[in-house]
$ cat my_file.cif   # mmCIF, C-alpha atoms and all ligand atoms
data_final
loop_
_atom_site.label_atom_id
_atom_site.label_comp_id
_atom_site.auth_asym_id
_atom_site.auth_seq_id
_atom_site.Cartn_x
_atom_site.Cartn_y
_atom_site.Cartn_z
CA MET A 1 158.18 311.86 113.23
CA THR A 2 157.19 309.38 110.51
CA ILE A 3 157.57 305.76 111.62
CA ILE A 4 158.58 303.21 108.97
CA GLY A 5 157.55 299.63 109.78
CA VAL A 6 159.30 296.60 108.27
CA ILE A 7 157.28 293.38 108.29
CA ARG A 8 158.36 289.77 107.76
CA GLU A 9 157.39 288.50 104.31
CA THR A 10 154.60 285.93 104.29
CA ALA A 11 154.75 284.52 100.72
CA PRO A 12 155.97 280.89 100.61
CA GLY A 13 159.69 280.64 99.80
CA GLU A 14 160.19 284.40 100.20
CA ARG A 15 163.45 285.04 102.06
CA ARG A 16 164.03 288.70 101.23
CA VAL A 17 163.42 291.62 103.57
CA ALA A 18 162.40 295.12 102.47
CA LEU A 19 164.96 297.00 104.55
CA VAL A 20 168.46 295.85 105.58
CA PRO A 21 170.25 297.10 108.73
CA PRO A 22 172.84 299.28 106.89
CA ASP A 23 169.95 301.37 105.51
CA VAL A 24 168.34 301.99 108.92
CA GLY A 25 170.83 304.79 109.58
CA ARG A 26 170.11 306.23 106.12
CA LEU A 27 166.39 306.47 106.98
CA LYS A 28 167.05 307.87 110.45
CA GLY A 29 169.27 310.51 108.87
CA GLY A 30 166.32 311.38 106.64
CA GLY A 31 164.11 312.01 109.67
CA PHE A 32 162.33 308.63 109.92
CA GLU A 33 162.02 306.23 112.85
CA VAL A 34 162.31 302.52 112.02
CA LEU A 35 160.34 299.69 113.60
CA VAL A 36 161.19 296.13 112.52
CA GLU A 37 159.17 292.95 113.11
CA THR A 38 161.02 290.26 115.07
CA ARG A 39 162.98 288.01 112.68
CA ALA A 40 161.92 290.03 109.64
CA GLY A 41 165.46 289.82 108.23
CA ALA A 42 166.27 286.25 109.29
CA GLY A 43 165.82 284.77 105.79
CA ALA A 44 168.41 287.19 104.44
CA TRP A 45 170.78 286.61 107.39
CA HIS A 46 170.04 289.88 109.19
CA ASP A 47 169.23 289.18 112.84
CA ASP A 48 167.26 291.37 115.22
CA GLU A 49 170.46 292.48 116.99
CA ALA A 50 171.81 293.95 113.73
CA TYR A 51 168.66 296.08 113.34
CA THR A 52 168.84 297.21 116.97
CA ALA A 53 172.53 298.07 116.63
CA ALA A 54 171.69 300.13 113.53
CA GLY A 55 169.15 302.17 115.51
CA ALA A 56 165.84 300.43 114.76
CA ARG A 57 163.38 299.17 117.36
CA VAL A 58 162.40 295.50 117.06
CA ALA A 59 158.79 294.66 117.91
CA SER A 60 155.99 292.14 117.33
CA ARG A 61 154.09 292.14 114.04
CA ALA A 62 150.98 293.52 115.75
CA GLU A 63 153.01 296.36 117.21
CA VAL A 64 154.62 297.20 113.86
CA TYR A 65 151.17 297.39 112.23
CA ALA A 66 149.75 299.43 115.09
CA ALA A 67 152.57 301.99 115.39
CA SER A 68 153.85 302.52 111.83
CA ASP A 69 152.80 305.33 109.52
CA VAL A 70 154.35 303.56 106.51
CA VAL A 71 154.72 299.78 106.21
CA VAL A 72 157.33 298.49 103.73
CA CYS A 73 157.32 295.02 102.19
CA LEU A 74 158.33 293.12 99.07
CA ARG A 75 155.11 291.30 98.25
CA PRO A 76 151.62 292.04 99.58
CA PRO A 77 151.35 290.52 103.08
CA ASP A 78 148.67 287.85 103.52
CA ASP A 79 147.24 289.78 106.50
CA LEU A 80 146.36 292.96 104.60
CA GLU A 81 143.41 293.45 106.94
CA ALA A 82 145.89 294.36 109.70
CA LEU A 83 146.60 297.65 107.88
CA ARG A 84 144.50 300.58 109.00
CA ASN A 85 142.84 303.65 107.56
CA GLY A 86 145.35 306.38 106.66
CA GLN A 87 148.36 304.04 106.78
CA THR A 88 150.70 303.74 103.77
CA LEU A 89 151.94 300.45 102.27
CA VAL A 90 155.02 300.46 100.00
CA GLY A 91 156.06 297.34 98.07
CA LEU A 92 156.05 295.35 94.85
CA LEU A 93 152.29 295.00 95.13
CA ALA A 94 151.62 293.72 91.58
CA PRO A 95 148.15 295.33 91.56
CA LEU A 96 147.60 294.35 87.93
CA ASP A 97 148.16 290.65 88.69
CA ASP A 98 145.65 290.28 91.52
CA PRO A 99 142.84 292.88 91.65
CA ARG A 100 141.77 291.69 95.11
CA VAL A 101 144.84 293.37 96.60
CA PRO A 102 144.03 296.95 95.47
CA GLU A 103 140.34 296.38 96.20
CA ARG A 104 141.06 295.37 99.78
CA LEU A 105 143.57 298.19 100.27
CA ALA A 106 141.15 300.81 98.97
CA ALA A 107 138.35 299.45 101.15
CA ALA A 108 140.61 299.69 104.20
CA GLY A 109 141.54 303.31 103.40
CA VAL A 110 145.22 302.41 102.91
CA THR A 111 147.46 304.51 100.67
CA ALA A 112 149.29 301.97 98.51
CA ILE A 113 152.48 302.76 96.59
CA SER A 114 153.67 300.05 94.22
CA LEU A 115 157.25 299.93 93.02
CA ASP A 116 156.31 297.89 89.95
CA LEU A 117 154.36 300.87 88.57
CA LEU A 118 157.44 303.09 88.59
CA PRO A 119 157.85 305.09 85.36
CA ARG A 120 161.29 303.60 84.68
CA THR A 121 162.28 306.05 81.98
CA LEU A 122 162.24 309.07 84.35
CA SER A 123 165.84 309.71 85.31
CA ARG A 124 164.92 310.63 88.92
CA ALA A 125 163.29 307.17 89.20
CA GLN A 126 166.45 305.16 88.49
CA ALA A 127 167.41 304.64 92.15
CA MET A 128 163.88 303.37 92.89
CA ASP A 129 163.81 300.78 90.10
CA ALA A 130 163.13 297.56 91.98
CA LEU A 131 162.03 295.69 88.86
CA THR A 132 165.52 296.23 87.47
CA SER A 133 167.35 295.43 90.71
CA GLN A 134 165.41 292.20 91.25
CA ALA A 135 165.54 291.11 87.58
CA ASN A 136 169.29 291.53 87.71
CA VAL A 137 169.51 289.14 90.68
CA ALA A 138 167.09 286.67 89.04
CA GLY A 139 169.12 286.60 85.81
CA TYR A 140 172.31 285.88 87.72
CA LYS A 141 170.64 283.07 89.67
CA ALA A 142 169.12 281.60 86.49
CA ALA A 143 172.58 280.87 85.12
CA LEU A 144 173.57 279.22 88.42
CA VAL A 145 170.37 277.15 88.56
CA ALA A 146 171.00 276.00 84.98
CA ALA A 147 174.63 275.13 85.75
CA ASP A 148 173.54 273.18 88.81
CA ALA A 149 170.89 271.16 86.98
CA TYR A 150 173.10 270.49 83.95
CA GLY A 151 174.97 267.18 84.04
CA GLY A 152 178.06 268.50 82.27
CA PHE A 153 180.55 271.31 82.73
CA LEU A 154 179.74 274.82 81.53
CA PRO A 155 183.37 275.70 80.74
CA MET A 156 185.83 273.90 78.52
CA LEU A 157 188.11 271.97 80.87
CA VAL A 158 191.45 270.52 79.86
CA THR A 159 192.39 267.67 82.17
CA ALA A 160 194.52 264.52 82.06
CA ALA A 161 191.25 262.66 81.46
CA GLY A 162 190.57 264.65 78.31
CA THR A 163 189.14 267.96 77.17
CA THR A 164 185.48 268.83 77.66
CA ARG A 165 183.63 271.06 75.25
CA PRO A 166 181.96 274.10 76.77
CA ALA A 167 178.18 274.03 77.16
CA ARG A 168 176.14 275.91 74.57
CA VAL A 169 173.71 278.25 76.30
CA LEU A 170 170.85 280.11 74.60
CA VAL A 171 169.14 283.01 76.38
CA LEU A 172 165.77 284.13 74.98
CA GLY A 173 164.73 287.65 76.01
CA ALA A 174 167.69 289.92 76.70
CA GLY A 175 166.23 292.55 79.02
CA ILE A 176 167.68 293.10 82.48
CA ALA A 177 167.38 289.47 83.62
CA GLY A 178 168.39 287.93 80.29
CA LEU A 179 171.48 290.10 79.94
CA GLN A 180 172.62 289.21 83.45
CA ALA A 181 172.02 285.51 82.69
CA ILE A 182 174.14 285.90 79.55
CA ALA A 183 176.95 287.65 81.44
CA THR A 184 176.91 285.08 84.25
CA ALA A 185 176.85 282.06 81.92
CA ARG A 186 179.80 283.59 80.05
CA ARG A 187 181.71 284.06 83.32
CA LEU A 188 181.08 280.36 84.01
CA GLY A 189 182.76 279.57 80.71
CA ALA A 190 179.77 278.62 78.54
CA VAL A 191 179.49 279.56 74.88
CA VAL A 192 176.47 281.87 74.95
CA THR A 193 173.98 283.02 72.35
CA GLY A 194 171.23 285.55 73.01
CA TYR A 195 168.02 286.49 71.24
CA ASP A 196 165.49 289.30 71.63
CA VAL A 197 162.78 290.89 69.50
CA ARG A 198 164.14 294.38 70.13
CA GLU A 199 166.94 295.64 67.91
CA ALA A 200 168.47 297.59 70.84
CA ALA A 201 168.62 294.40 72.92
CA ARG A 202 170.50 292.66 70.12
CA GLU A 203 173.18 295.34 70.41
CA ASP A 204 173.23 294.78 74.19
CA ILE A 205 173.77 291.03 73.63
CA ALA A 206 176.65 291.68 71.25
CA SER A 207 178.23 294.09 73.74
CA THR A 208 178.54 291.26 76.31
CA GLY A 209 180.59 289.26 73.81
CA ALA A 210 177.83 286.67 73.29
CA SER A 211 176.59 285.70 69.82
CA VAL A 212 173.29 287.13 68.61
CA LEU A 213 170.71 284.69 67.24
CA ARG A 214 168.99 286.17 64.20
CA LEU A 215 165.73 284.56 63.15
CA ASP A 216 163.52 284.82 60.14
CA ALA A 217 161.00 286.74 62.31
CA PRO A 218 160.20 290.45 62.67
CA ALA A 219 161.77 292.77 65.24
CA ALA A 220 159.17 294.37 67.53
CA THR A 221 159.97 297.48 69.52
CA GLY A 222 156.93 299.27 70.94
CA GLU A 223 156.05 302.06 73.34
CA GLY A 224 158.88 303.57 75.43
CA GLY A 225 161.47 301.35 73.74
CA TYR A 226 160.00 298.19 75.29
CA ALA A 227 158.96 295.12 73.34
CA ARG A 228 155.42 295.09 71.96
CA SER A 229 153.25 291.98 71.84
CA LEU A 230 153.63 290.21 68.51
CA THR A 231 150.59 289.64 66.32
CA ASP A 232 149.39 286.01 66.22
CA GLU A 233 151.04 285.59 62.82
CA GLU A 234 154.35 287.11 63.90
CA ALA A 235 154.36 284.99 67.07
CA GLU A 236 153.74 281.83 65.03
CA GLN A 237 156.56 282.75 62.65
CA GLN A 238 158.86 283.36 65.63
CA ARG A 239 157.96 280.04 67.27
CA ARG A 240 158.56 278.09 64.06
CA ALA A 241 161.98 279.72 63.65
CA LEU A 242 162.85 279.06 67.31
CA ASP A 243 161.71 275.42 67.11
CA THR A 244 164.58 274.83 64.70
CA ALA A 245 167.06 277.20 66.31
CA VAL A 246 166.99 275.73 69.84
CA ALA A 247 168.21 272.28 68.73
CA GLY A 248 171.88 271.88 69.55
CA PHE A 249 171.84 273.96 72.72
CA ASP A 250 172.57 272.32 76.07
CA VAL A 251 170.93 275.00 78.18
CA VAL A 252 168.08 277.38 77.33
CA ILE A 253 167.19 280.25 79.68
CA THR A 254 164.01 282.18 78.88
CA ALA A 255 163.36 285.68 80.26
CA ALA A 256 161.00 287.29 77.75
CA GLN A 257 158.17 289.55 78.86
CA VAL A 258 155.99 292.30 77.44
CA PRO A 259 155.07 295.08 79.91
CA GLY A 260 151.35 294.81 80.64
CA GLY A 261 151.00 291.92 78.16
CA ARG A 262 150.98 288.13 78.27
CA SER A 263 154.28 286.25 78.45
CA PRO A 264 155.15 285.08 74.93
CA LEU A 265 155.45 281.32 74.36
CA LEU A 266 158.92 280.81 72.88
CA VAL A 267 159.87 277.18 73.60
CA THR A 268 157.12 274.91 72.30
CA GLU A 269 156.62 271.19 72.86
CA ASP A 270 158.19 270.67 69.43
CA ALA A 271 161.25 272.63 70.51
CA LEU A 272 161.52 270.57 73.72
CA GLU A 273 161.44 267.42 71.56
CA ARG A 274 164.37 268.74 69.54
CA LEU A 275 166.60 269.38 72.55
CA ARG A 276 168.90 266.52 73.45
CA PRO A 277 168.34 264.37 76.57
CA GLY A 278 170.21 266.04 79.44
CA ALA A 279 169.46 269.54 78.18
CA VAL A 280 168.19 272.03 80.77
CA VAL A 281 165.59 274.77 80.32
CA VAL A 282 165.21 277.47 82.99
CA ASP A 283 162.00 279.45 82.52
CA LEU A 284 161.97 282.86 84.21
CA GLY A 285 159.50 284.54 81.93
CA GLY A 286 156.76 281.90 81.59
CA ASN A 287 157.90 281.22 78.02
CA VAL A 288 158.08 277.42 77.95
CA ALA A 289 155.36 274.87 77.10
CA GLY A 290 154.49 272.68 80.09
CA SER A 291 156.65 274.57 82.57
CA GLU A 292 155.15 275.03 86.03
CA PRO A 293 156.12 277.93 88.31
CA GLY A 294 158.29 276.71 91.18
CA ARG A 295 158.51 273.15 89.83
CA THR A 296 161.07 271.05 87.96
CA VAL A 297 159.66 268.78 85.28
CA LEU A 298 161.57 266.07 83.42
CA THR A 299 160.16 265.49 79.93
CA SER A 300 159.83 261.95 78.56
CA ARG A 301 162.82 262.76 76.37
CA GLY A 302 164.98 263.63 79.38
CA VAL A 303 164.94 267.42 79.19
CA THR A 304 164.79 269.18 82.57
CA VAL A 305 162.38 272.15 82.58
CA ILE A 306 162.64 274.40 85.62
CA GLY A 307 159.83 276.92 86.18
CA ALA A 308 161.56 279.74 88.05
CA PRO A 309 159.53 282.94 88.27
CA ASP A 310 160.86 284.06 91.69
CA LEU A 311 164.59 283.48 91.58
CA ALA A 312 165.48 286.80 93.23
CA ALA A 313 164.03 285.41 96.48
CA GLN A 314 166.67 282.68 96.32
CA VAL A 315 169.53 285.17 96.53
CA PRO A 316 168.06 286.93 99.57
CA GLU A 317 171.09 288.83 100.75
CA ALA A 318 171.94 290.55 97.47
CA ALA A 319 168.30 290.98 96.46
CA SER A 320 167.34 292.51 99.83
CA THR A 321 170.31 294.89 99.79
CA ALA A 322 169.37 296.19 96.35
CA TYR A 323 165.64 296.36 97.15
CA SER A 324 166.30 298.17 100.43
CA ARG A 325 168.16 300.89 98.52
CA ASN A 326 165.20 301.19 96.14
CA VAL A 327 162.81 301.49 99.10
CA CYS A 328 164.94 304.18 100.77
CA ALA A 329 164.90 306.17 97.52
CA VAL A 330 161.11 305.80 97.27
CA LEU A 331 160.56 306.90 100.87
CA ALA A 332 162.88 309.90 100.47
CA ALA A 333 161.03 311.00 97.32
CA LEU A 334 157.39 310.06 98.07
CA ILE A 335 156.91 310.77 101.79
CA PRO A 336 155.11 313.10 102.21
CA LEU A 337 152.99 312.12 99.24
CA ASP A 338 152.03 314.65 96.57
CA PRO A 339 149.36 313.05 94.32
CA ASP A 340 149.84 315.88 91.80
CA ASP A 341 153.48 314.92 91.18
CA GLU A 342 153.87 312.79 88.02
CA LEU A 343 156.09 310.18 89.72
CA HIS A 344 153.90 309.93 92.84
CA ALA A 345 150.72 309.63 90.80
CA ALA A 346 152.22 306.90 88.61
CA MET A 347 153.03 304.69 91.60
CA LEU A 348 149.95 305.44 93.66
CA VAL A 349 147.46 302.55 93.54
CA THR A 350 144.97 303.47 96.26
CA HIS A 351 144.42 306.65 98.27
CA GLN A 352 141.63 307.90 100.55
CA GLY A 353 139.45 304.87 99.91
CA ARG A 354 139.73 304.92 96.09
CA ILE A 355 141.68 303.04 93.44
CA THR A 356 143.53 306.00 91.96
CA HIS A 357 145.63 304.27 89.31
CA PRO A 358 143.77 304.36 85.97
CA ARG A 359 145.27 301.12 84.60
CA VAL A 360 144.54 299.21 87.79
CA ALA A 361 140.98 300.59 87.92
CA ALA A 362 140.46 299.69 84.24
CA ALA A 363 141.78 296.15 84.77
CA ILE A 364 139.33 295.63 87.64
CA THR A 365 136.38 297.00 85.64
CA GLU A 366 137.36 294.72 82.75
CA GLU A 367 137.44 291.70 85.04
CA VAL A 368 134.05 292.52 86.54
CA THR A 369 132.40 292.94 83.13
CA SER A 370 133.98 289.88 81.46
P1 LIG A 401 160.88 292.87 80.38
O1 LIG A 401 161.10 292.07 81.62
O2 LIG A 401 159.56 293.48 80.14
O3 LIG A 401 161.22 291.96 79.10
C1 LIG A 401 162.37 291.17 79.04
C2 LIG A 401 162.84 291.07 77.61
O4 LIG A 401 161.95 290.24 76.84
C3 LIG A 401 162.88 292.40 76.85
O5 LIG A 401 164.21 292.66 76.43
C4 LIG A 401 161.94 292.20 75.68
O6 LIG A 401 162.38 292.87 74.50
C5 LIG A 401 161.98 290.71 75.52
N1 LIG A 401 160.88 290.13 74.74
C6 LIG A 401 159.55 290.44 74.80
N2 LIG A 401 158.86 289.69 73.91
C7 LIG A 401 159.75 288.86 73.31
C8 LIG A 401 159.64 287.86 72.32
N3 LIG A 401 158.46 287.55 71.76
N4 LIG A 401 160.76 287.25 71.93
C9 LIG A 401 161.96 287.55 72.48
N5 LIG A 401 162.13 288.49 73.41
C10 LIG A 401 161.04 289.14 73.83
O7 LIG A 401 161.93 294.02 80.25
P2 LIG A 401 163.05 294.56 81.24
O8 LIG A 401 164.14 293.56 81.35
O9 LIG A 401 162.42 295.00 82.51
O10 LIG A 401 163.54 295.85 80.46
C11 LIG A 401 163.79 295.78 79.08
C12 LIG A 401 164.65 296.93 78.63
O11 LIG A 401 164.05 298.17 78.98
C13 LIG A 401 166.00 296.96 79.27
O12 LIG A 401 166.92 296.16 78.61
C14 LIG A 401 166.38 298.41 79.21
O13 LIG A 401 167.08 298.71 78.04
C15 LIG A 401 165.05 299.10 79.20
N6 LIG A 401 164.91 299.82 80.46
C16 LIG A 401 165.08 301.17 80.41
C17 LIG A 401 164.99 301.91 81.56
C18 LIG A 401 165.20 303.37 81.49
O14 LIG A 401 164.92 303.96 80.46
N7 LIG A 401 165.64 303.99 82.53
C19 LIG A 401 164.73 301.30 82.79
C20 LIG A 401 164.52 299.92 82.81
C21 LIG A 401 164.62 299.20 81.62
#
$ encode --input "my_file.cif" --output "structure tokens"
Amino acid sequence: MTIIGVIRETAPGERRVALVPPDVGRLKGGGFEVLVETRAGAGAWHDDEAYTAAGARVASRAEVYAASDVVVCLRPPDDLEALRNGQTLVGLLAPLDDPRVPERLAAAGVTAISLDLLPRTLSRAQAMDALTSQANVAGYKAALVAADAYGGFLPMLVTAAGTTRPARVLVLGAGIAGLQAIATARRLGAVVTGYDVREAAREDIASTGASVLRLDAPAATGEGGYARSLTDEEAEQQRRALDTAVAGFDVVITAAQVPGGRSPLLVTEDALERLRPGAVVVDLGGNVAGSEPGRTVLTSRGVTVIGAPDLAAQVPEAASTAYSRNVCAVLAALIPLDPDDELHAAMLVTHQGRITHPRVAAAITEEVTS
């Protein structure tokens, strides 16, 4: 019987767990055994007893590594060397971000399956789409983080002490995360405007009831319906238009990304200068000048800039529940592995000592030659 091992996450600030107790039974029903590292779920409020009650065995980290056929995680563990030849690792491995991870996995003979390489347009892949499930959580949290850092109310409040005007919120990049940030900020009572380079996303913004910001800048839909990178000229035109457009907003949330490309800079230093003191910028996408991942910076003008690339980890219960479902779907579909299947091949990073994913292999070759 295939043994699935769940390890405790090692990345700083990471509170999610790859499998939650309610899904243990689901895996056992599918013919798997489940082995969980002691306190693996503690950050998401799932104790060892809950895993045991659900039918898993709780063991030390060393034992989980030694006995599991498949190890599941969110982010690559910092003790990758504990994995052994022939073992499978399933997670959001981000092999394009850090080439050392696939290199080490290939060298160790580990079969690595990365959820962030999922071909999201395949309909049978929907239940495995962890990028979507985690972006949804991050977008929700972004609105809460902004509300918390903002010194005023988000809704209009009518009280004996007077009436407050609702906060004006601008969301740049209306993909999964941005749309959830828009919906959440609207539920909190803010007056929300959204912007995206894709025409389809503009329709999505309008369907939430938010206003759509239209700029004197080109729309840019590329391969597979995703955004394409703008040319230098287009990007400059967009930034100039945004520099003017952001003034007057109390909160700006940025969640713009281009698959496989660099995060576009959308809020420049000039734009930050035009925001009023007390304004709050929450940067999910790496779209803001001077923002630092994981840090809050107060500009000399009194604008709070929060660099927040990993917000899903701060809603560990909901994020783990959604991710766990994605993992169960991946295990049900990809174990046993069939490298000739289109979906399997797309997510397979390393196998039998080789880096099998062409884009990952190309990125590594590029880095070596540059
Ligand atoms: P993402 O995280 O790659 O990008 C976030 C958003 O940033 C996108 O909406 C993109 O258009 C926008 N963006 C990029 N460059 C920009 C710029 N210069 N200025 C402003 N906005 C910019 O994308 P995502 O959230 O993972 O997914 C985006 C869309 O893809 C979704 O809204 C959905 O419609 C689609 N999608 C489809 C499937 C499917 O076909 N099954 C699955 C997942 C997502």
$ residues_near_ligand --input "my_file.cif" --ligand "ligand LIG 401 (chain A)" --cutoff "9 Å" --atoms "only C-alpha atoms and all ligand atoms" --output "number ranges by chain"
A: 119-123, 125-126, 129, 131-132, 135-136, 172-179, 195-202, 204, 219-221, 224-230, 234-235, 238-239, 254-261, 263-266, 285, 287
$ residues_around --input "my_file.cif" --residues "Leu80 in chain A" --least-positions-apart "3" --cutoff "10 Å" --atoms "only C-alpha atoms" --output "list of chain:residue names"
A:Pro76, A:Pro77, A:Leu83, A:Arg84, A:Leu89, A:Val101, A:Arg104, A:Leu105, A:Ala108, A:Val110
$ residues_around --input "my_file.cif" --residues "Ala312 in chain A" --least-positions-apart "6" --cutoff "7 Å" --atoms "all atoms listed in the file" --output "ChimeraX atom specification"
/A:134,137-138,319
$ closest_residue --input "my_file.cif" --among "A:Gly151, A:Gly109, A:Gly248, A:Gly41" --to "Cys73 in chain A" --atoms "only C-alpha atoms"
A:Gly41
$ atom_distance --input "my_file.cif" --atom1 "CA of Ala127 in chain A" --atom2 "CA of Val34 in chain A"
20.6 Å
$ residues_around --input "my_file.cif" --residues "Pro277 in chain A" --least-positions-apart "3" --cutoff "10 Å" --atoms "all atoms listed in the file" --output "PyMOL selection string"
chain A and resi 250+272-274+280+298-304
$ write_last_selection --input "my_file.cif" --atoms "C-alpha atoms" --output "CSV table (one decimal), in the coordinates of the input"
chain,number,residue,atom,x,y,z
A,250,ASP,CA,172.6,272.3,76.1
A,272,LEU,CA,161.5,270.6,73.7
A,273,GLU,CA,161.4,267.4,71.6
A,274,ARG,CA,164.4,268.7,69.5
A,280,VAL,CA,168.2,272.0,80.8
A,298,LEU,CA,161.6,266.1,83.4
A,299,THR,CA,160.2,265.5,79.9
A,300,SER,CA,159.8,262.0,78.6
A,301,ARG,CA,162.8,262.8,76.4
A,302,GLY,CA,165.0,263.6,79.4
A,303,VAL,CA,164.9,267.4,79.2
A,304,THR,CA,164.8,269.2,82.6
$ residues_around --input "my_file.cif" --residues "Val36 in chain A" --least-positions-apart "6" --cutoff "9 Å" --atoms "all atoms listed in the file" --output "PyMOL selection string"
chain A and resi 4-8+19+48+51-52+56-61+64
$ write_last_selection --input "my_file.cif" --atoms "C-alpha atoms" --output "PDB file, in the coordinates of the input"
ATOM      1  CA  ILE A   4     158.580 303.210 108.970  1.00  0.00           C
ATOM      2  CA  GLY A   5     157.550 299.630 109.780  1.00  0.00           C
ATOM      3  CA  VAL A   6     159.300 296.600 108.270  1.00  0.00           C
ATOM      4  CA  ILE A   7     157.280 293.380 108.290  1.00  0.00           C
ATOM      5  CA  ARG A   8     158.360 289.770 107.760  1.00  0.00           C
ATOM      6  CA  LEU A  19     164.960 297.000 104.550  1.00  0.00           C
ATOM      7  CA  ASP A  48     167.260 291.370 115.220  1.00  0.00           C
ATOM      8  CA  TYR A  51     168.660 296.080 113.340  1.00  0.00           C
ATOM      9  CA  THR A  52     168.840 297.210 116.970  1.00  0.00           C
ATOM     10  CA  ALA A  56     165.840 300.430 114.760  1.00  0.00           C
ATOM     11  CA  ARG A  57     163.380 299.170 117.360  1.00  0.00           C
ATOM     12  CA  VAL A  58     162.400 295.500 117.060  1.00  0.00           C
ATOM     13  CA  ALA A  59     158.790 294.660 117.910  1.00  0.00           C
ATOM     14  CA  SER A  60     155.990 292.140 117.330  1.00  0.00           C
ATOM     15  CA  ARG A  61     154.090 292.140 114.040  1.00  0.00           C
ATOM     16  CA  VAL A  64     154.620 297.200 113.860  1.00  0.00           C
TER      17      VAL A  64
END
$ residues_around --input "my_file.cif" --residues "Leu117 in chain A" --least-positions-apart "2" --cutoff "7 Å" --atoms "only C-alpha atoms" --output "list in words"
Ser114, Leu115, Pro119, Ala346 and Met347 of chain A
$ write_last_selection --input "my_file.cif" --atoms "C-alpha atoms" --output "short mmCIF file (atom, residue, chain, number, x, y, z; two decimals), keeping the file's coordinate frame"
data_model
loop_
_atom_site.label_atom_id
_atom_site.label_comp_id
_atom_site.auth_asym_id
_atom_site.auth_seq_id
_atom_site.Cartn_x
_atom_site.Cartn_y
_atom_site.Cartn_z
CA SER A 114 153.67 300.05 94.22
CA LEU A 115 157.25 299.93 93.02
CA PRO A 119 157.85 305.09 85.36
CA ALA A 346 152.22 306.90 88.61
CA MET A 347 153.03 304.69 91.60
#
$ closest_residue --input "my_file.cif" --among "A:Ala67, A:Leu157, A:Ala245, A:Val251" --to "Gly189 in chain A" --atoms "all atoms listed in the file"
A:Leu157
$ atom_distance --input "my_file.cif" --atom1 "CA of Ala112 in chain A" --atom2 "CA of Ser68 in chain A"
14.1 Å
$ build_atoms --input "my_file.cif" --residues "range 232-242 of chain A" --atoms "N, CA, C and O atoms" --output "PDB file, keeping the file's coordinate frame"
ATOM      1  N   ASP A 232     149.442 287.487  66.216  1.00  0.00           N
ATOM      2  CA  ASP A 232     149.390 286.010  66.220  1.00  0.00           C
ATOM      3  C   ASP A 232     150.278 285.438  65.122  1.00  0.00           C
ATOM      4  O   ASP A 232     150.992 284.452  65.327  1.00  0.00           O
ATOM      5  N   GLU A 233     150.238 286.089  63.956  1.00  0.00           N
ATOM      6  CA  GLU A 233     151.040 285.590  62.820  1.00  0.00           C
ATOM      7  C   GLU A 233     152.535 285.712  63.091  1.00  0.00           C
ATOM      8  O   GLU A 233     153.302 284.783  62.833  1.00  0.00           O
ATOM      9  N   GLU A 234     152.923 286.898  63.608  1.00  0.00           N
ATOM     10  CA  GLU A 234     154.350 287.110  63.900  1.00  0.00           C
ATOM     11  C   GLU A 234     154.828 286.115  64.955  1.00  0.00           C
ATOM     12  O   GLU A 234     155.923 285.558  64.859  1.00  0.00           O
ATOM     13  N   ALA A 235     153.980 285.896  65.980  1.00  0.00           N
ATOM     14  CA  ALA A 235     154.360 284.990  67.070  1.00  0.00           C
ATOM     15  C   ALA A 235     154.541 283.569  66.524  1.00  0.00           C
ATOM     16  O   ALA A 235     155.466 282.848  66.911  1.00  0.00           O
ATOM     17  N   GLU A 236     153.659 283.168  65.624  1.00  0.00           N
ATOM     18  CA  GLU A 236     153.740 281.830  65.030  1.00  0.00           C
ATOM     19  C   GLU A 236     155.025 281.681  64.221  1.00  0.00           C
ATOM     20  O   GLU A 236     155.724 280.666  64.301  1.00  0.00           O
ATOM     21  N   GLN A 237     155.340 282.753  63.473  1.00  0.00           N
ATOM     22  CA  GLN A 237     156.560 282.750  62.650  1.00  0.00           C
ATOM     23  C   GLN A 237     157.797 282.634  63.579  1.00  0.00           C
ATOM     24  O   GLN A 237     158.734 281.888  63.302  1.00  0.00           O
ATOM     25  N   GLN A 238     157.747 283.388  64.688  1.00  0.00           N
ATOM     26  CA  GLN A 238     158.860 283.360  65.630  1.00  0.00           C
ATOM     27  C   GLN A 238     159.019 281.972  66.244  1.00  0.00           C
ATOM     28  O   GLN A 238     160.123 281.435  66.331  1.00  0.00           O
ATOM     29  N   ARG A 239     157.895 281.366  66.634  1.00  0.00           N
ATOM     30  CA  ARG A 239     157.960 280.040  67.270  1.00  0.00           C
ATOM     31  C   ARG A 239     158.514 278.998  66.315  1.00  0.00           C
ATOM     32  O   ARG A 239     159.321 278.163  66.697  1.00  0.00           O
ATOM     33  N   ARG A 240     158.056 279.071  65.042  1.00  0.00           N
ATOM     34  CA  ARG A 240     158.560 278.090  64.060  1.00  0.00           C
ATOM     35  C   ARG A 240     160.066 278.226  63.901  1.00  0.00           C
ATOM     36  O   ARG A 240     160.798 277.235  63.857  1.00  0.00           O
ATOM     37  N   ALA A 241     160.543 279.483  63.814  1.00  0.00           N
ATOM     38  CA  ALA A 241     161.980 279.720  63.650  1.00  0.00           C
ATOM     39  C   ALA A 241     162.751 279.238  64.886  1.00  0.00           C
ATOM     40  O   ALA A 241     163.808 278.628  64.777  1.00  0.00           O
ATOM     41  N   LEU A 242     162.163 279.478  66.077  1.00  0.00           N
ATOM     42  CA  LEU A 242     162.850 279.060  67.310  1.00  0.00           C
ATOM     43  C   LEU A 242     162.853 277.543  67.466  1.00  0.00           C
ATOM     44  O   LEU A 242     163.815 276.973  67.981  1.00  0.00           O
TER      45      LEU A 242
END
